[in-house]
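A.B. asks: This is the structure, below, for whatever I ask next.
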Amino acid sequence: MQDKYNPKDFEEKLYQEWEEKGYFKPSMDKTKESYCIMMPPPNVTGKLHMGHALDDTIQDILIRFKRMQGYNTLWLPGTDHAAISTEMKVVEKLRNEGKTKQELGREKFLEEAWEWTRIYGGTIEMQQKKLGCSCDWDRKRFTMDEGLSDAVLEQFINLYNKGLIYKGKRMINYCPSCKTSISDAEVEYKEEASHLWHIRYQITGEKDRYIIVATTRPETMLGDTAVAVHPEDERYKDLVGKTCILPIMNKEIPIIADDFVDKEFGTGCVNVIPFGTQSSEMLENREVA
């Protein structure tokens, strides 16, 4: 008999026996109360870390405790595609091979991404089994599985139709490398006291007449493409359709009307700059007399 316990000699055989005998599967006994845990799916971007080990251990304790109490239990395992993170890993792999995703094209790149998923998704499952996670592995799901994708789409449509989710105007993060929007989950929004700068724009051809723009970001004025006022603002109705001179740049820009402008804020005049939410809406819907 060995003087020290070596888990490698026993744990793999024990786990295999547990799986073969179906100990981790729900009993499907409708007379018993059900207890289910949906595993927060680890990303298929690498191997498990200490956080996963802690999280899985807590879930395993709960599911085993309920199983011993006689509940009809299910711990449903799964993995997450982690789109941006996975793309970065695959792009890095291709770079090391002297390739780019642009050279491969969409279909070939997706094949590389799925291959990455198969490799690291399998590694994660193997590691969880080494930990002793008592999941029903026959029910394992991946977030890109067709059924799951359809279910997510259906729920988003249902929530939208109920008015519970909607498109809003807010800042998003943009990755200049991936050239796509990315999660703003870690962005914390807070209101801060600011200052309004008042800048005079001379009306073209009228020496002593100006339109005054109030802005919190004077540095953007160098890129102005127009000045906007509310179409019902009596102060500026006669200016709509005319042009004014952009200070410093000495560039002639139009004065337009759009009901997006708040008559009560600042001077009621807003400078329109490229790529901003306000500017795009104003230019698309502008009313020039």
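Just so we're on the same page: first chain in the structure tokens is A, next is B, and so on; residues restart at 1 for each chain, and ligands are numbered from 1 in the order they show up.
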In range 162-217 of chain A, what's strand (DSSP E) per DSSP? Answer as a ChimeraX atom specification?
C.D. replies: /A:173-175,180-182,197-203,210-215
A.B. asks: Could you write out, as a CSV table (one decimal) with C-alpha atoms, in the first residue's frame, all the residues of range 48-127 of chain A that DSSP marks as alpha helix (DSSP H)?
C.D. replies:
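The resulting file, result25.csv, is shown below:
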```csv
chain,number,residue,atom,x,y,z
A,50,MET,CA,-8.7,30.3,-10.6
A,51,GLY,CA,-11.9,32.3,-10.9
A,52,HIS,CA,-13.5,29.5,-12.9
A,53,ALA,CA,-12.3,26.9,-10.4
A,54,LEU,CA,-13.8,28.8,-7.5
A,55,ASP,CA,-17.1,29.5,-9.3
A,56,ASP,CA,-17.4,25.9,-10.5
A,57,THR,CA,-16.6,24.5,-7.0
A,58,ILE,CA,-19.5,26.5,-5.5
A,59,GLN,CA,-21.9,25.4,-8.1
A,60,ASP,CA,-20.8,21.8,-7.7
A,61,ILE,CA,-21.3,21.9,-4.0
A,62,LEU,CA,-24.8,23.3,-4.4
A,63,ILE,CA,-25.9,20.7,-7.1
A,64,ARG,CA,-24.4,17.7,-5.2
A,65,PHE,CA,-26.1,18.9,-2.0
A,66,LYS,CA,-29.5,19.1,-3.7
A,67,ARG,CA,-28.9,15.8,-5.5
A,68,MET,CA,-28.3,14.1,-2.1
A,83,ALA,CA,-16.8,37.1,-30.1
A,84,ILE,CA,-14.3,40.0,-29.8
A,85,SER,CA,-11.9,38.1,-27.5
A,86,THR,CA,-12.0,35.0,-29.7
A,87,GLU,CA,-11.5,37.1,-32.8
A,88,MET,CA,-8.4,38.7,-31.3
A,89,LYS,CA,-6.9,35.3,-30.4
A,90,VAL,CA,-7.6,33.9,-33.9
A,91,VAL,CA,-6.1,37.1,-35.5
A,92,GLU,CA,-3.0,36.7,-33.3
A,93,LYS,CA,-2.7,33.1,-34.3
A,94,LEU,CA,-3.0,34.0,-38.0
A,95,ARG,CA,-0.5,36.8,-37.6
A,96,ASN,CA,2.1,34.3,-36.2
A,101,LYS,CA,-8.2,37.7,-41.8
A,102,GLN,CA,-8.6,40.0,-44.8
A,103,GLU,CA,-6.5,37.7,-46.9
A,104,LEU,CA,-8.5,34.7,-45.8
A,106,ARG,CA,-15.1,35.7,-44.2
A,107,GLU,CA,-15.7,32.0,-44.8
A,108,LYS,CA,-12.1,30.8,-44.2
A,109,PHE,CA,-11.8,33.1,-41.1
A,110,LEU,CA,-15.0,31.5,-39.7
A,111,GLU,CA,-13.5,28.1,-40.2
A,112,GLU,CA,-10.4,29.2,-38.3
A,113,ALA,CA,-12.7,30.5,-35.5
A,114,TRP,CA,-14.7,27.3,-35.3
A,115,GLU,CA,-11.5,25.3,-35.1
A,116,TRP,CA,-10.2,27.5,-32.3
A,117,THR,CA,-13.6,26.8,-30.5
A,118,ARG,CA,-13.3,23.1,-30.9
A,119,ILE,CA,-9.8,23.0,-29.5
A,120,TYR,CA,-10.3,25.3,-26.5
A,121,GLY,CA,-13.9,24.3,-25.9
A,122,GLY,CA,-12.7,20.7,-25.5
A,123,THR,CA,-9.8,21.8,-23.3
A,124,ILE,CA,-12.2,23.6,-20.9
A,125,GLU,CA,-14.5,20.6,-20.7
A,126,MET,CA,-11.5,18.3,-19.9
A,127,GLN,CA,-10.4,20.7,-17.2
```
A.B. asks: Just give me the gap between CA of Met38 in chain A and CA of Leu159 in chain A in Å, one decimal is fine.
C.D. replies: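 Those two atoms sit 21.4 Å apart.
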A.B. asks: Mind pulling up the distance from CA of Phe260 in chain A to CA of Leu222 in chain A?
C.D. replies: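 Taking CA of Leu222 in chain A and CA of Phe260 in chain A, their separation equals 21.8 Å.
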A.B. asks: Pick out the residues sitting within 10 Å of Gly205 in chain A, and hand them over as a list of chain:residue names; count only C-alpha atoms, and ignore anything fewer than 6 positions along from it in its own chain.
C.D. replies: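 Returned residues: A:Lys242, A:Thr243, A:Cys244, A:Ile245.
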A.B. asks: I need the chosen residues saved as a JSON list (two decimals), in the first residue's frame, with N, CA and C atoms.
C.D. replies:
```
[["chain", "number", "residue", "atom", "x", "y", "z"],
["A", 242, "LYS", "N", -29.41, 80.97, -45.00],
["A", 242, "LYS", "CA", -28.23, 81.80, -45.23],
["A", 242, "LYS", "C", -26.98, 81.05, -44.81],
["A", 243, "THR", "N", -25.85, 81.69, -44.91],
["A", 243, "THR", "CA", -24.59, 81.07, -44.49],
["A", 243, "THR", "C", -23.89, 82.00, -43.51],
["A", 244, "CYS", "N", -22.94, 81.43, -42.77],
["A", 244, "CYS", "CA", -22.13, 82.21, -41.83],
["A", 244, "CYS", "C", -20.67, 81.80, -42.00],
["A", 245, "ILE", "N", -19.78, 82.58, -41.41],
["A", 245, "ILE", "CA", -18.35, 82.33, -41.56],
["A", 245, "ILE", "C", -17.82, 81.63, -40.31]]
```
A.B. asks: Compile the contact shell of Lys263 in chain A as a list of chain:residue names: residues with an atom at most 8 Å away, counting only C-alpha atoms, same-chain residues fewer than 3 positions apart removed.
C.D. replies: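 What passes the distance filter is A:Val229, A:His230, A:Asp233, A:Gly266, A:Thr267, A:Gly268, A:Cys269.
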